[in-house]
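Shown next: my_file08.tsv, given as TSV, C-alpha atoms.
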chain	number	residue	atom	x	y	z
A	143	ALA	CA	31.11	-20.33	-15.31
A	144	ASP	CA	33.15	-23.05	-17.03
A	145	VAL	CA	36.42	-21.75	-15.56
A	146	VAL	CA	34.84	-21.47	-12.11
A	147	ALA	CA	33.59	-25.08	-12.39
A	148	VAL	CA	37.10	-26.32	-13.18
A	149	LEU	CA	38.66	-24.35	-10.32
A	150	LEU	CA	36.07	-25.55	-7.83
A	151	GLU	CA	36.79	-29.18	-8.70
A	152	CYS	CA	40.30	-28.79	-7.25
A	153	PRO	CA	40.33	-30.51	-3.83
A	154	GLU	CA	42.23	-27.67	-2.14
A	155	VAL	CA	39.61	-25.07	-3.10
A	156	ASP	CA	37.12	-24.17	-0.37
A	157	VAL	CA	33.84	-23.02	-1.93
A	158	ASN	CA	33.01	-21.18	1.31
A	159	MET	CA	36.35	-19.34	1.56
A	160	ARG	CA	36.02	-15.66	2.43
A	161	ASP	CA	38.06	-12.77	1.12
A	162	ASP	CA	39.15	-9.77	3.22
A	163	ARG	CA	35.59	-8.41	3.07
A	164	GLY	CA	34.10	-11.69	4.28
A	165	THR	CA	32.69	-12.31	0.82
A	166	THR	CA	32.34	-15.87	-0.49
A	167	PRO	CA	32.16	-16.88	-4.16
A	168	LEU	CA	28.38	-17.23	-3.79
A	169	ASN	CA	28.01	-13.81	-2.18
A	170	GLN	CA	30.02	-12.21	-4.99
A	171	ALA	CA	28.21	-14.06	-7.77
A	172	CYS	CA	24.84	-13.02	-6.31
A	173	TYR	CA	25.93	-9.40	-6.00
A	174	ASP	CA	27.34	-9.35	-9.55
A	175	GLY	CA	24.29	-11.02	-11.09
A	176	ARG	CA	26.25	-14.07	-12.34
A	177	LYS	CA	23.31	-16.45	-12.63
A	178	GLU	CA	25.30	-19.32	-14.19
A	179	ILE	CA	27.85	-19.26	-11.38
A	180	VAL	CA	25.17	-19.01	-8.71
A	181	LYS	CA	23.42	-22.04	-10.21
A	182	LEU	CA	26.69	-23.96	-10.30
A	183	LEU	CA	27.51	-23.14	-6.68
A	184	LEU	CA	24.02	-24.06	-5.51
A	185	ASP	CA	23.66	-27.27	-7.53
A	186	LYS	CA	27.07	-28.89	-7.37
A	187	PHE	CA	28.75	-27.85	-4.14
A	188	GLU	CA	28.16	-27.77	-0.40
A	189	THR	CA	27.77	-24.02	-0.38
A	190	ASN	CA	26.97	-22.40	2.96
A	191	LEU	CA	24.03	-20.07	2.34
A	192	SER	CA	24.16	-18.34	5.71
A	193	ILE	CA	27.65	-16.80	5.57
A	194	LYS	CA	27.51	-13.04	6.00
A	195	ASP	CA	30.02	-10.57	4.61
A	196	LYS	CA	31.44	-7.69	6.64
A	197	TRP	CA	28.31	-5.63	5.90
A	198	GLY	CA	26.09	-8.37	7.32
A	199	ASP	CA	24.75	-9.54	3.96
A	200	THR	CA	24.19	-13.14	2.95
A	201	ALA	CA	24.24	-14.15	-0.70
A	202	GLN	CA	20.46	-13.91	-0.80
A	203	SER	CA	20.32	-10.46	0.78
A	204	SER	CA	23.06	-9.26	-1.59
A	205	ALA	CA	20.99	-10.36	-4.59
A	206	ARG	CA	17.92	-8.61	-3.17
A	207	LYS	CA	19.84	-5.44	-2.33
A	208	VAL	CA	21.06	-4.93	-5.89
A	209	GLY	CA	17.83	-6.05	-7.56
A	210	HIS	CA	18.73	-9.46	-8.98
A	211	LYS	CA	15.26	-10.92	-8.46
A	212	GLU	CA	15.84	-14.19	-10.32
A	213	ILE	CA	19.04	-14.90	-8.41
A	214	TYR	CA	17.33	-13.98	-5.14
A	215	ALA	CA	14.62	-16.54	-5.94
A	216	MET	CA	17.24	-19.20	-6.81
A	217	VAL	CA	19.00	-18.78	-3.48
A	218	GLN	CA	15.71	-18.65	-1.60
A	219	LYS	CA	14.62	-21.94	-3.19
A	220	ALA	CA	17.98	-23.56	-2.38
A	221	SER	CA	17.70	-22.36	1.20
A	222	GLN	CA	14.19	-23.78	1.56
A	223	THR	CA	15.30	-27.10	0.05
A	224	LYS	CA	18.25	-27.31	2.44
A	225	LEU	CA	16.00	-26.53	5.41
A	226	SER	CA	13.46	-29.11	4.32
A	227	ARG	CA	16.17	-31.79	4.04
A	228	SER	CA	17.54	-30.97	7.47
A	229	LEU	CA	14.08	-31.23	9.04
A	230	ARG	CA	13.58	-34.71	7.57
A	231	ARG	CA	16.65	-36.08	9.30

I need this file expressed as structure tokens, please.
Amino acid sequence: ADVVAVLLECPEVDVNMRDDRGTTPLNQACYDGRKEIVKLLLDKFETNLSIKDKWGDTAQSSARKVGHKEIYAMVQKASQTKLSRSLRR
């Protein structure tokens, strides 16, 4: 997570960049069960929670699919917070 934090601080790094499978760093971290990286991406960066990979999965659905319940809940909470903020505007 520390290395990821340093890399993401570089101005030319796009936190929502997709690889050839349409996977973002958040999607991959959720799928892999990397809780520290998920927390970092949700707390410190403008991470797009609705990006789908080539299989149609968002970060949240990836976490659910592979059984990472705590990560699923983290992304769900972040999604609800983001929605709540947008409704207040």

**Prompt:** List as a VMD selection string: which residues have an atom within 12 Å of (22.7, -8.4, -0.5), counting all atoms listed in the file?
**Reply:** chain A and resid 165 168 to 175 192 to 211 213 to 214 217

**Prompt:** At what distance in Å, to one decimal, does atom CA of A:Glu212 lie from atom CA of A:Arg176?
**Reply:**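 That distance, rounded to one decimal, is 10.6 Å.
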
Give me the box for stretch 203-217 of chain A as AutoDock Vina command-line options, namely the centre and edge lengths in Å to one decimal of a box along x, y and z that holds every listed atom plus 3 Å on each side.
--center_x 18.8 --center_y -12.1 --center_z -4.8 --size_x 14.4 --size_y 20.3 --size_z 17.1

**Item:** Distance in Å - atom CA of A:Ser221 versus atom CA of A:Leu191
**Value:** 6.8 Å

**Nearest to A:Val155, chosen from A:Glu178, A:Phe187, A:Arg230, A:Gln218, with only C-alpha atoms counted in the distances** = A:Phe187
